[in-house]
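*Asks:* After the structure tokens below, expect a handful of questions from me.
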There are 2 protein chains.
Amino acid sequence: MRLSTKGRYAVTAMLDLTLQGGDGPVTLAEISETQGISLSYLEQLFACLRGKQLVRGVRGPGGGYYLGRPAEEISIADIICAVDEWVEFTRCGGKRDCKDGKRCLTHNLWDELSSEIFNFLSSINLAELVERGGLKEEGCIREDNKDDLVASRGTTRAA
Amino acid sequence: MRLSTKGRYAVTAMLDLTLQGGDGPVTLAEISETQGISLSYLEQLFACLRGKQLVRGVRGPGGGYYLGRPAEEISIADIICAVDEWVEFTRCGGKRDCKDGKRCLTHNLWDELSSEIFNFLSSINLAELVERGGLKEEGCIREDNKDDLVASRGTTRAA
DNA sequence: GTTTAAACCGAGTATTTAAGTTGGTATTTG
DNA sequence: CAAATACCAACTTAAATACTCGGTTTAAAC
């Protein structure tokens, strides 16, 4: 699993599309403006998303993009997989080269973890995220606790 | 949250360290050999890990690395945060620019998701991962390496 | 006390990826 | 037709990744 800024752009754009959707198609120009992502880069991302049927484009004036299917049926993993290549990490692919065992075991563990992350992200869909998250915002001011939360939580499970 | 190959290398190396640990320190040369990661790159990663107290180095011949604290108290998020910079995605940081609301709402949603991913990865520690993951593989594990593993995961009857 | 195995350190580099740019073509609306 | 939009491909820049090189400590072993 890979979660880069590219994936973030894609998720952000899809969230934007979800929020604005319903009133007809949303143009990339709008998303570009709203989210501060360059239009051409969005085009590239949406080419990937369209390839995986996550969005549907409508050409011509008044055109734009719709979600490819209901927001309930689009998971975060779907989005990230569409734009971020899923690179296989294990080099032993299968059981060749696995003569020494230890290497392969570690690979297995990584795969296990990777699957869990994937399953987790698969369990979150756009609709849920919007519903849950939407409760919280009021005028955009969020407490700055997210920084501390994230920055230096030395021991995580100790407490 | 960011989950790149760099983080994967770090997690893989830490898993290796967990698996081999107990018999004294593990050298980077061994990890390099076992996992196929260049020694100098490992040094860089371990400089980060050491900075966050996740590992403890012992110099001189017979030296190497120990886990900085028990495997139960090291989460995957700890490892990834140590090596991957946590870049703040929102550009509105605070309340400036957030006049139009929509942009900021999407940012909030992203933050929400990001926190969830972080919490999820915080909930998985090295010890658990080794215990759970060990059950699955068969054929990749070698007799002579199995001893401490078998001890820690109970039985090897899966095969 | 010399040698040696290791951690530690910092600068440099090649490759890849991300992100944006440019300059289009294809479709559809009006 | 003109305009707005998706669509497309090649190029460019900037940054991150992954690695290299050449060291310096430190401490154990001889």
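We name chains A, B, ... following the order of the structure tokens; residues begin at 1 in each chain, and ligands are numbered from 1 as shown.
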Can you tell me which residues surround range 120-123 of chain A at a distance of at most 8 Å, considering only C-alpha atoms (C1' of nucleotides), apart from same-chain residues fewer than 6 positions away, and format the answer as a ChimeraX atom specification?

*Replies:* /A:75-78 /B:117

*Asks:* Can I get the selection written as a short mmCIF file (atom, residue, chain, number, x, y, z; two decimals), in the first residue's frame, with N, CA, C and O atoms?

*Replies:*
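File produced: result.cif:
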data_model
loop_
_atom_site.label_atom_id
_atom_site.label_comp_id
_atom_site.auth_asym_id
_atom_site.auth_seq_id
_atom_site.Cartn_x
_atom_site.Cartn_y
_atom_site.Cartn_z
N SER A 75 -14.72 3.40 -2.07
CA SER A 75 -13.90 3.41 -0.87
C SER A 75 -12.64 4.23 -1.08
O SER A 75 -12.25 4.52 -2.22
N ILE A 76 -12.02 4.60 0.02
CA ILE A 76 -10.76 5.34 -0.06
C ILE A 76 -9.70 4.49 -0.75
O ILE A 76 -8.90 5.01 -1.54
N ALA A 77 -9.72 3.22 -0.47
CA ALA A 77 -8.76 2.32 -1.12
C ALA A 77 -8.94 2.33 -2.64
O ALA A 77 -7.96 2.32 -3.39
N ASP A 78 -10.18 2.37 -3.08
CA ASP A 78 -10.44 2.44 -4.52
C ASP A 78 -9.73 3.64 -5.13
O ASP A 78 -9.10 3.53 -6.19
N ILE B 117 -6.41 6.83 9.92
CA ILE B 117 -5.34 5.96 9.45
C ILE B 117 -4.24 5.91 10.49
O ILE B 117 -3.71 4.85 10.83
#

*Asks:* Please provide the set of residues having any atom within 10 Å of range 18-22 of chain D, restricted to only C-alpha atoms (C1' of nucleotides), with same-chain residues fewer than 3 positions apart removed, written as number ranges by chain.

*Replies:* B: 5-6, 37-41; C: 10-16

*Asks:* Give me, as a count of residues only, the contact residues of chain B against chain D at a cut-off of 12 Å, counting only C-alpha atoms (C1' of nucleotides).

*Replies:* 24

*Asks:* Kindly provide, as an NGL selection string, the residues of chain C having any atom no farther than 10 Å from an atom of chain A, counting only C-alpha atoms (C1' of nucleotides).

*Replies:* :C and (17-21 or 26-30)

*Asks:* Let's have the selection written as an mmCIF file, in the first residue's frame, with C-alpha atoms (C1' of nucleotides).

*Replies:*
data_model
loop_
_atom_site.group_PDB
_atom_site.id
_atom_site.type_symbol
_atom_site.label_atom_id
_atom_site.label_comp_id
_atom_site.auth_asym_id
_atom_site.auth_seq_id
_atom_site.Cartn_x
_atom_site.Cartn_y
_atom_site.Cartn_z
ATOM 1 C "C1'" DT C 17 8.210 10.394 -8.718
ATOM 2 C "C1'" DA C 18 5.388 14.275 -8.095
ATOM 3 C "C1'" DA C 19 3.529 18.251 -9.808
ATOM 4 C "C1'" DG C 20 2.940 21.467 -13.172
ATOM 5 C "C1'" DT C 21 3.263 23.318 -18.090
ATOM 6 C "C1'" DA C 26 -12.522 15.889 -29.511
ATOM 7 C "C1'" DT C 27 -17.294 16.899 -28.090
ATOM 8 C "C1'" DT C 28 -21.081 19.172 -27.031
ATOM 9 C "C1'" DT C 29 -23.900 23.389 -26.244
ATOM 10 C "C1'" DG C 30 -25.878 27.416 -27.860
#

*Asks:* Rounded to one decimal in Å, what is the spacing between CA of Val55 in chain A and CA of Arg8 in chain A?

*Replies:*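 About the pair CA of Val55 in chain A and CA of Arg8 in chain A: they are 16.4 Å apart.
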
*Asks:* What is the distance, in Å and to one decimal place, between CA of Thr12 in chain A and CA of Asn119 in chain B?

*Replies:*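 Those two atoms sit 19.7 Å apart.
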
*Asks:* To one decimal place, how far is CA of Val130 in chain A from CA of Thr106 in chain B in Å?

*Replies:*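 Between these atoms lies a distance of 8.8 Å.
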